[in-house]
Amino acid sequence: MADIQRQTDRRLERAILELLERRGPTATICPSDAARAVYEGDDDGWRALMEPARRAARRLVTAGEVEITQAGRPVEPAQARGPIRIRRTR
């Protein structure tokens, strides 16, 4: 089980970076974009990947790859409440 979770975590991290790579340098994505990219079904099962996608974004913040924003401004991941966006570190 932990192995499958680890694989999903890595896939979410890759999806975030790949989605940002395909967009402009200042573009942002929603964690749901990564969740949808990783989910393999046709229904709304991607919603179960929302919190794992947010955790993946927080790991990428720690790694210096991305930043989490709210209202267009970077926020500390621990302080983020409600909807977030993810963008490349500037």
# chains A, B, ... in the order shown; residues from 1 in each chain; ligands from 1
$ select_by_dssp --residues "region 53-89 of chain A" --states "strand (DSSP E or B)" --output "PyMOL selection string"
chain A and resi 66-70+73-75+85-88
$ residues_around --residues "Arg6 (chain A)" --least-positions-apart "5" --cutoff "12 Å" --atoms "only C-alpha atoms" --output "mmCIF file with all heavy atoms, in the first residue's frame"
data_model
loop_
_atom_site.group_PDB
_atom_site.id
_atom_site.type_symbol
_atom_site.label_atom_id
_atom_site.label_comp_id
_atom_site.auth_asym_id
_atom_site.auth_seq_id
_atom_site.Cartn_x
_atom_site.Cartn_y
_atom_site.Cartn_z
ATOM 1 N N MET A 1 0.821 -1.208 0.000
ATOM 2 C CA MET A 1 0.000 0.000 0.000
ATOM 3 C C MET A 1 0.860 1.265 0.000
ATOM 4 O O MET A 1 0.617 2.173 -0.776
ATOM 5 C CB MET A 1 -0.939 -0.034 1.223
ATOM 6 C CG MET A 1 -1.871 1.137 1.302
ATOM 7 S SD MET A 1 -3.060 1.067 -0.049
ATOM 8 C CE MET A 1 -3.978 2.523 0.270
ATOM 9 N N ARG A 11 3.993 10.580 -9.156
ATOM 10 C CA ARG A 11 3.264 10.921 -10.383
ATOM 11 C C ARG A 11 2.634 12.305 -10.272
ATOM 12 O O ARG A 11 2.626 13.065 -11.238
ATOM 13 C CB ARG A 11 2.207 9.853 -10.684
ATOM 14 C CG ARG A 11 2.839 8.548 -11.177
ATOM 15 C CD ARG A 11 1.840 7.436 -11.370
ATOM 16 N NE ARG A 11 0.794 7.800 -12.307
ATOM 17 C CZ ARG A 11 -0.452 7.369 -12.223
ATOM 18 N NH1 ARG A 11 -0.828 6.568 -11.240
ATOM 19 N NH2 ARG A 11 -1.348 7.717 -13.116
ATOM 20 N N LEU A 12 2.117 12.636 -9.097
ATOM 21 C CA LEU A 12 1.528 13.959 -8.897
ATOM 22 C C LEU A 12 2.598 15.044 -8.989
ATOM 23 O O LEU A 12 2.382 16.081 -9.616
ATOM 24 C CB LEU A 12 0.806 14.028 -7.550
ATOM 25 C CG LEU A 12 -0.540 13.307 -7.510
ATOM 26 C CD1 LEU A 12 -0.997 13.089 -6.075
ATOM 27 C CD2 LEU A 12 -1.593 14.080 -8.295
ATOM 28 N N GLU A 13 3.756 14.808 -8.388
ATOM 29 C CA GLU A 13 4.847 15.783 -8.475
ATOM 30 C C GLU A 13 5.254 15.996 -9.936
ATOM 31 O O GLU A 13 5.399 17.139 -10.381
ATOM 32 C CB GLU A 13 6.057 15.320 -7.654
ATOM 33 C CG GLU A 13 5.819 15.369 -6.157
ATOM 34 C CD GLU A 13 6.909 14.697 -5.358
ATOM 35 O OE1 GLU A 13 7.986 14.361 -5.914
ATOM 36 O OE2 GLU A 13 6.699 14.493 -4.142
ATOM 37 N N PRO A 52 -3.688 14.681 -1.796
ATOM 38 C CA PRO A 52 -2.342 14.241 -2.205
ATOM 39 C C PRO A 52 -1.678 15.228 -3.178
ATOM 40 O O PRO A 52 -0.461 15.435 -3.107
ATOM 41 C CB PRO A 52 -2.593 12.884 -2.862
ATOM 42 C CG PRO A 52 -3.811 12.363 -2.171
ATOM 43 C CD PRO A 52 -4.671 13.593 -1.933
ATOM 44 N N ARG A 55 -0.369 18.047 -1.143
ATOM 45 C CA ARG A 55 0.863 17.610 -0.444
ATOM 46 C C ARG A 55 2.044 17.566 -1.410
ATOM 47 O O ARG A 55 3.161 17.952 -1.054
ATOM 48 C CB ARG A 55 0.650 16.245 0.212
ATOM 49 C CG ARG A 55 -0.207 16.304 1.468
ATOM 50 C CD ARG A 55 -0.117 15.032 2.298
ATOM 51 N NE ARG A 55 -0.428 13.837 1.540
ATOM 52 C CZ ARG A 55 -1.623 13.261 1.495
ATOM 53 N NH1 ARG A 55 -2.644 13.776 2.151
ATOM 54 N NH2 ARG A 55 -1.816 12.165 0.790
ATOM 55 N N ALA A 56 1.804 17.103 -2.633
ATOM 56 C CA ALA A 56 2.874 17.068 -3.646
ATOM 57 C C ALA A 56 3.376 18.483 -3.905
ATOM 58 O O ALA A 56 4.585 18.713 -4.006
ATOM 59 C CB ALA A 56 2.362 16.423 -4.940
#
$ closest_residue --among "A:Gln7, A:Ala37, A:Arg87, A:Glu21" --to "Leu60 (chain A)" --atoms "only C-alpha atoms"
A:Arg87
$ residues_around --residues "region 74-86 of chain A" --least-positions-apart "2" --cutoff "7 Å" --atoms "only C-alpha atoms" --output "list in words"
Thr28, Ile29, Cys30, Pro31, Arg58, Val66, Glu67, Ile68, Thr69, Gln70 and Gly72 of chain A
$ write_last_selection --atoms "N, CA, C and O atoms" --output "short mmCIF file (atom, residue, chain, number, x, y, z; two decimals), in the first residue's frame"
data_model
loop_
_atom_site.label_atom_id
_atom_site.label_comp_id
_atom_site.auth_asym_id
_atom_site.auth_seq_id
_atom_site.Cartn_x
_atom_site.Cartn_y
_atom_site.Cartn_z
N THR A 28 -0.04 29.67 -13.75
CA THR A 28 -0.32 28.87 -12.55
C THR A 28 -1.23 27.71 -12.92
O THR A 28 -1.91 27.74 -13.94
N ILE A 29 -1.24 26.71 -12.06
CA ILE A 29 -2.19 25.60 -12.19
C ILE A 29 -2.87 25.40 -10.85
O ILE A 29 -2.38 25.85 -9.81
N CYS A 30 -3.96 24.70 -10.90
CA CYS A 30 -4.68 24.31 -9.69
C CYS A 30 -4.26 22.88 -9.35
O CYS A 30 -3.99 22.09 -10.27
N PRO A 31 -4.23 22.52 -8.08
CA PRO A 31 -3.94 21.12 -7.74
C PRO A 31 -4.87 20.14 -8.46
O PRO A 31 -4.47 19.02 -8.78
N ARG A 58 3.31 20.97 -1.82
CA ARG A 58 4.09 21.41 -0.65
C ARG A 58 5.50 20.81 -0.68
O ARG A 58 6.47 21.50 -0.35
N VAL A 66 8.58 25.04 -6.91
CA VAL A 66 7.35 25.80 -7.14
C VAL A 66 7.04 26.65 -5.93
O VAL A 66 7.65 26.49 -4.87
N GLU A 67 6.05 27.54 -6.11
CA GLU A 67 5.50 28.25 -4.96
C GLU A 67 3.99 28.14 -5.02
O GLU A 67 3.40 27.95 -6.08
N ILE A 68 3.40 28.21 -3.85
CA ILE A 68 1.95 28.17 -3.72
C ILE A 68 1.47 29.61 -3.57
O ILE A 68 2.07 30.38 -2.81
N THR A 69 0.42 29.95 -4.31
CA THR A 69 -0.08 31.31 -4.24
C THR A 69 -1.57 31.32 -3.88
O THR A 69 -2.29 30.34 -4.13
N GLN A 70 -1.98 32.44 -3.30
CA GLN A 70 -3.39 32.74 -3.08
C GLN A 70 -3.55 34.22 -3.42
O GLN A 70 -2.70 35.03 -3.02
N GLY A 72 -2.87 35.60 -6.04
CA GLY A 72 -1.72 36.02 -6.84
C GLY A 72 -0.43 36.22 -6.08
O GLY A 72 0.58 36.57 -6.66
#
$ select_by_dssp --residues "chain A" --states "alpha helix (DSSP H)" --output "PyMOL selection string"
chain A and resi 2-21+31-38+50-62
$ atom_distance --atom1 "CA of Leu19 (chain A)" --atom2 "CA of Gln5 (chain A)"
20.8 Å
$ closest_residue --among "A:Ser32, A:Pro25, A:Ile4, A:Gly41" --to "Ala57 (chain A)" --atoms "only C-alpha atoms"
A:Ser32
$ atom_distance --atom1 "CA of Leu49 (chain A)" --atom2 "CA of Ala2 (chain A)"
15.2 Å
$ atom_distance --atom1 "CA of Val61 (chain A)" --atom2 "CA of Tyr39 (chain A)"
22.4 Å
$ closest_residue --among "A:Arg88, A:Thr8, A:Asp33, A:Gly24" --to "Ala63 (chain A)" --atoms "only C-alpha atoms"
A:Arg88
$ closest_residue --among "A:Arg23, A:Arg90, A:Arg73, A:Arg10" --to "Ala35 (chain A)" --atoms "only C-alpha atoms"
A:Arg10
